[in-house]
Amino acid sequence: MKAAAFGYVRAESLEHALTELAVSGTVALAGGQSLVPLMARRQARPERVCDLNRLPELTRIDFGSEQITFGAMVRQAHLQEDSDVARALPIAPQAMQTLGFVATRHRGTIGGSLCFADPCAELPALAVLLEARVVLHRLGGVRELPADEFLIEPYRSALLPGELLTAVIIPRSTADRWGAVKLRVAQGRPIGAQTKWRAGPAGEISDPRVVLFDRDRPPRRLTGCEALLTGRQPGLELFRNAVTDSADSLPAGHRGDLARAAVVRALLRSVEVLNVRA
Amino acid sequence: MSERDARIICLELNGTPVTMTVEPRETLADALRRHHGTRGVRLGCEHGACGACTVLLDGSSARSCLLFAVQTDGSRVDTAEGLAESNPVYQRLVRVLSESNAFQCGFCATGMLVTATELLNAEPCPDEACIRDRLAGNLCRCTGYQSIVAGVARAAVQPAESEVSS
């Protein structure tokens with residue numbers, strides 16, 4: 001036993017979870033792949049833990065015509081392996097390949113990863129890339145926030161005490177090229193990039209999105225790079241120039257080189273893997 | 001009863017129903033070793049980095065040091081001990097990896113074997129990249145992994161134990 005003593009409550013319904021989380025000192029336990037190590041090291045010493053792992057209402061995925069709604073307790077392994085998810089979002093299995101390991105993905109969840117807000121992790125970046133909105137429930141209320149407003153700074157989200165992230169809404173995308181890369185360059189401090197775009201009538205890049213994730217800031221779009229890619233034919237030279245010549249602020253020194261490499265590799269992956277949307 | 005108090009949980013451990021009295025803060029790994037002597041659940045880092053404590057929870061690999069035992073009430077848990085008794089894929093892995101001296105000190109062996117068993121059950125003939133990807137969450141401080149990856153690849157292409165034994 002390494003964790004400090006805590007009170008344990010298993011949520012039996014969403015209403016029950018919200019009631020328990022309204023009690024001061026209670027934290028939500030999702031997959032536990034980040035919270036439990038913190039508790040083992042006593043960097044986190046919650047008074048009470050509310051276990052969300054038996055709430056079927058938080059594990060559903062609703063494939064709507066305009067948007068896809070993921071329950072917060074959908075496991076990372078499900079994002080990686082489910083064929084319906086892969087058809088709707090070909091980038092999801094790509095991005096999950098580098099998130100932790102098979103045994104941690106079986107437990108780790110979408111909602112837990114977003115709330116942990118690790119700046120070097122895949123899911124916060126994916127939420128920004130896909131322009132996701134998060135649904136935050138509290139006792140007697142609910143609000144929605146865009147992912148980039150939810151992720152305030154490294155390891156800090158806009159979640160208020162008593163609130164629970166219950167779902168992630170992802171608008172359907174017309175993109176048909178997707179690339180996700182993470183460079184495992186330093187213990188716990190990797191750097192990565194994700195991209196999506198649509199191939200125009202002549203194969204040119206249309207409506208590109210490029211997101212970078214790194215240690216010092218939440219994941220963010222590189223809009224300068226996107227502007228230089230728009231309307232051009234994809235290719236290694238373009239990719240290199242777009243990330244080198246853009247006005248986006250990148251990390252200094254060696255990590256800047258790594259950031260540029262990650263973006264170029266994500267763009268290359270988007271043309272290598274012709275994961276065309278069904 | 002206080003929320004901090006120890007409580008009784010029931011689970012199916014290696015095919016047998018068992019009960020345990022556990023405090024909320026007791027991990028599944030600690031509880032299994034303390035109450036049921038499953039020493040195949042190795043405790044290396046105790047914070048999710050090494051994979052030595054890997055078990056199958058309701059059929060899927062999970063790190064038992066990152067689960068509180070109270071969470072697993074009503075679940076099925078399979079450890080190296082149970083798989084060694086009853087799982088032909090696990091038994092074949094043990095035989096082939098032992099014959100090829102895949103491990104040195106053996107501390108990581110049970111975690112590796114549980115992970116590899118899950119892999120070969122789902123994918124009987126994985127390529128080397130797939131084996132490396134799946135074993136990436138299990139640390140070995142002796143071998144440099146080459147012999148383990150090669151051993152799993154050899155076990156993957158051999159006929160099942162049940163087919164060769166009488």
# chains A, B, ... in the order shown; residues from 1 in each chain; ligands from 1
>>> interface_residues(of="chain B", to="chain A", cutoff="8 Å", atoms="only C-alpha atoms", output="list in words")
Ser2, Glu3, Arg4, Asp5, Pro24, Arg25, Glu26, Thr27, Asp30, Glu46, His47, Gly48, Thr54, Ser60, Ser61, Ala62, Arg63, Leu66, Leu67, Gln71, Arg134, Ala136 and Gly137 of chain B
>>> write_last_selection(atoms="C-alpha atoms", output="CSV table (one decimal), in the first residue's frame")
chain,number,residue,atom,x,y,z
B,2,SER,CA,-16.9,4.6,7.0
B,3,GLU,CA,-15.9,5.0,3.4
B,4,ARG,CA,-12.3,4.4,4.5
B,5,ASP,CA,-12.9,1.1,6.2
B,24,PRO,CA,-9.7,1.1,-0.3
B,25,ARG,CA,-6.1,2.1,-0.7
B,26,GLU,CA,-4.8,-1.4,-1.2
B,27,THR,CA,-3.9,-2.2,-4.8
B,30,ASP,CA,-0.8,-6.1,-3.1
B,46,GLU,CA,4.4,0.1,-8.2
B,47,HIS,CA,3.4,3.1,-10.2
B,48,GLY,CA,2.6,1.7,-13.7
B,54,THR,CA,0.3,-7.3,-15.4
B,60,SER,CA,-7.8,-7.8,-20.9
B,61,SER,CA,-4.3,-7.0,-19.7
B,62,ALA,CA,-4.1,-4.4,-16.9
B,63,ARG,CA,-1.5,-3.2,-14.4
B,66,LEU,CA,-2.8,0.8,-10.9
B,67,LEU,CA,-6.1,-0.8,-9.8
B,71,GLN,CA,-12.6,-1.6,-7.9
B,134,ARG,CA,2.7,-5.2,-27.6
B,136,ALA,CA,6.8,-2.3,-25.1
B,137,GLY,CA,5.0,-1.8,-21.8
>>> select_by_dssp(residues="chain B", states="strand (DSSP E)", output="ChimeraX atom specification")
/B:7-13,16-22,54-57,60-63,76-78
>>> write_last_selection(atoms="N, CA and C atoms", output="JSON list (two decimals), in the first residue's frame")
[["chain", "number", "residue", "atom", "x", "y", "z"],
["B", 7, "ARG", "N", -13.28, -3.45, 3.44],
["B", 7, "ARG", "CA", -14.54, -4.08, 3.07],
["B", 7, "ARG", "C", -14.27, -5.41, 2.39],
["B", 8, "ILE", "N", -15.30, -6.21, 2.30],
["B", 8, "ILE", "CA", -15.15, -7.54, 1.71],
["B", 8, "ILE", "C", -15.49, -7.46, 0.23],
["B", 9, "ILE", "N", -14.61, -7.97, -0.61],
["B", 9, "ILE", "CA", -14.92, -8.04, -2.04],
["B", 9, "ILE", "C", -14.85, -9.49, -2.50],
["B", 10, "CYS", "N", -15.59, -9.79, -3.56],
["B", 10, "CYS", "CA", -15.59, -11.13, -4.14],
["B", 10, "CYS", "C", -15.10, -11.01, -5.57],
["B", 11, "LEU", "N", -14.24, -11.90, -5.97],
["B", 11, "LEU", "CA", -13.88, -11.94, -7.38],
["B", 11, "LEU", "C", -13.56, -13.38, -7.78],
["B", 12, "GLU", "N", -13.49, -13.58, -9.11],
["B", 12, "GLU", "CA", -13.15, -14.90, -9.61],
["B", 12, "GLU", "C", -11.67, -14.87, -9.94],
["B", 13, "LEU", "N", -10.86, -15.51, -9.08],
["B", 13, "LEU", "CA", -9.41, -15.50, -9.26],
["B", 13, "LEU", "C", -8.97, -16.82, -9.86],
["B", 16, "THR", "N", -11.53, -19.50, -9.71],
["B", 16, "THR", "CA", -12.11, -19.88, -8.43],
["B", 16, "THR", "C", -12.69, -18.65, -7.73],
["B", 17, "PRO", "N", -13.92, -18.71, -7.24],
["B", 17, "PRO", "CA", -14.46, -17.57, -6.50],
["B", 17, "PRO", "C", -13.70, -17.39, -5.18],
["B", 18, "VAL", "N", -13.27, -16.15, -4.92],
["B", 18, "VAL", "CA", -12.56, -15.87, -3.67],
["B", 18, "VAL", "C", -13.11, -14.60, -3.04],
["B", 19, "THR", "N", -12.90, -14.46, -1.74],
["B", 19, "THR", "CA", -13.25, -13.20, -1.08],
["B", 19, "THR", "C", -12.00, -12.66, -0.40],
["B", 20, "MET", "N", -11.95, -11.34, -0.28],
["B", 20, "MET", "CA", -10.82, -10.69, 0.38],
["B", 20, "MET", "C", -11.36, -9.50, 1.18],
["B", 21, "THR", "N", -10.71, -9.20, 2.28],
["B", 21, "THR", "CA", -11.04, -7.98, 3.02],
["B", 21, "THR", "C", -9.95, -6.97, 2.73],
["B", 22, "VAL", "N", -10.33, -5.86, 2.10],
["B", 22, "VAL", "CA", -9.31, -4.90, 1.65],
["B", 22, "VAL", "C", -9.68, -3.48, 2.05],
["B", 54, "THR", "N", 1.43, -7.19, -14.43],
["B", 54, "THR", "CA", 0.32, -7.34, -15.39],
["B", 54, "THR", "C", -0.52, -8.58, -15.10],
["B", 55, "VAL", "N", -1.83, -8.39, -15.06],
["B", 55, "VAL", "CA", -2.79, -9.50, -14.94],
["B", 55, "VAL", "C", -3.84, -9.32, -16.03],
["B", 56, "LEU", "N", -4.69, -10.31, -16.20],
["B", 56, "LEU", "CA", -5.84, -10.14, -17.08],
["B", 56, "LEU", "C", -7.05, -9.82, -16.21],
["B", 57, "LEU", "N", -7.65, -8.66, -16.46],
["B", 57, "LEU", "CA", -8.86, -8.26, -15.73],
["B", 57, "LEU", "C", -10.02, -8.39, -16.70],
["B", 60, "SER", "N", -8.73, -8.75, -20.23],
["B", 60, "SER", "CA", -7.84, -7.76, -20.85],
["B", 60, "SER", "C", -6.68, -7.43, -19.92],
["B", 61, "SER", "N", -5.48, -7.29, -20.50],
["B", 61, "SER", "CA", -4.32, -7.02, -19.66],
["B", 61, "SER", "C", -4.46, -5.67, -18.97],
["B", 62, "ALA", "N", -4.04, -5.63, -17.71],
["B", 62, "ALA", "CA", -4.09, -4.40, -16.93],
["B", 62, "ALA", "C", -2.99, -4.47, -15.89],
["B", 63, "ARG", "N", -2.56, -3.28, -15.44],
["B", 63, "ARG", "CA", -1.52, -3.22, -14.42],
["B", 63, "ARG", "C", -2.19, -3.27, -13.06],
["B", 76, "ARG", "N", -13.42, -10.83, -12.99],
["B", 76, "ARG", "CA", -12.60, -12.04, -13.17],
["B", 76, "ARG", "C", -11.15, -11.59, -13.31],
["B", 77, "VAL", "N", -10.27, -12.19, -12.54],
["B", 77, "VAL", "CA", -8.85, -11.85, -12.61],
["B", 77, "VAL", "C", -8.05, -13.12, -12.88],
["B", 78, "ASP", "N", -7.19, -13.07, -13.90],
["B", 78, "ASP", "CA", -6.31, -14.20, -14.19],
["B", 78, "ASP", "C", -4.87, -13.76, -14.03]]
>>> atom_distance(atom1="atom CA of A:Pro161", atom2="atom CA of B:Asp73")
28.2 Å
>>> residues_around(residues="A:Pro90", least_positions_apart="2", cutoff="12 Å", atoms="only C-alpha atoms", output="ChimeraX atom specification")
/A:79-88,92-96,126,130,172-180,195-196,270,273-278
>>> write_last_selection(atoms="C-alpha atoms", output="CSV table (one decimal), in the first residue's frame")
chain,number,residue,atom,x,y,z
A,79,LEU,CA,-10.5,4.1,-29.9
A,80,GLN,CA,-7.6,2.1,-31.3
A,81,GLU,CA,-9.4,-1.1,-32.1
A,82,ASP,CA,-13.1,-0.3,-32.9
A,83,SER,CA,-13.8,-0.5,-36.7
A,84,ASP,CA,-16.7,2.1,-36.5
A,85,VAL,CA,-14.3,4.6,-34.9
A,86,ALA,CA,-11.6,3.9,-37.4
A,87,ARG,CA,-14.1,4.5,-40.3
A,88,ALA,CA,-15.3,7.8,-38.8
A,92,ALA,CA,-7.9,7.8,-33.8
A,93,PRO,CA,-6.1,4.4,-34.2
A,94,GLN,CA,-3.0,6.1,-35.5
A,95,ALA,CA,-2.8,8.5,-32.5
A,96,MET,CA,-3.6,5.8,-30.0
A,126,LEU,CA,-6.6,15.2,-30.9
A,130,LEU,CA,-10.8,17.8,-34.3
A,172,ARG,CA,-17.9,15.2,-38.6
A,173,SER,CA,-15.0,16.2,-40.7
A,174,THR,CA,-14.7,16.3,-44.5
A,175,ALA,CA,-10.9,15.6,-44.2
A,176,ASP,CA,-9.6,12.5,-46.0
A,177,ARG,CA,-5.9,12.7,-45.1
A,178,TRP,CA,-4.8,12.2,-41.5
A,179,GLY,CA,-1.4,12.0,-39.8
A,180,ALA,CA,-0.4,11.6,-36.1
A,195,THR,CA,-2.7,16.9,-39.0
A,196,LYS,CA,-5.8,16.5,-41.2
A,270,SER,CA,-0.9,11.8,-44.0
A,273,VAL,CA,-1.4,6.3,-45.1
A,274,LEU,CA,-4.2,6.9,-47.6
A,275,ASN,CA,-6.8,6.2,-45.0
A,276,VAL,CA,-9.7,7.5,-47.0
A,277,ARG,CA,-12.9,8.1,-45.2
A,278,ALA,CA,-15.6,5.6,-46.1
>>> residues_around(residues="stretch 80-95 of chain B", least_positions_apart="2", cutoff="7 Å", atoms="only C-alpha atoms", output="list in words")
Asn14, Thr38, Gly40, Asp78, Leu97, Ser98, Glu99, Thr110, Leu113, Val114, Thr117, Val152, Ala155, Ala160, Glu161 and Ser162 of chain B
>>> select_by_dssp(residues="stretch 184-277 of chain A", states="alpha helix (DSSP H)", output="ChimeraX atom specification")
/A:223-229,236-245,253-272
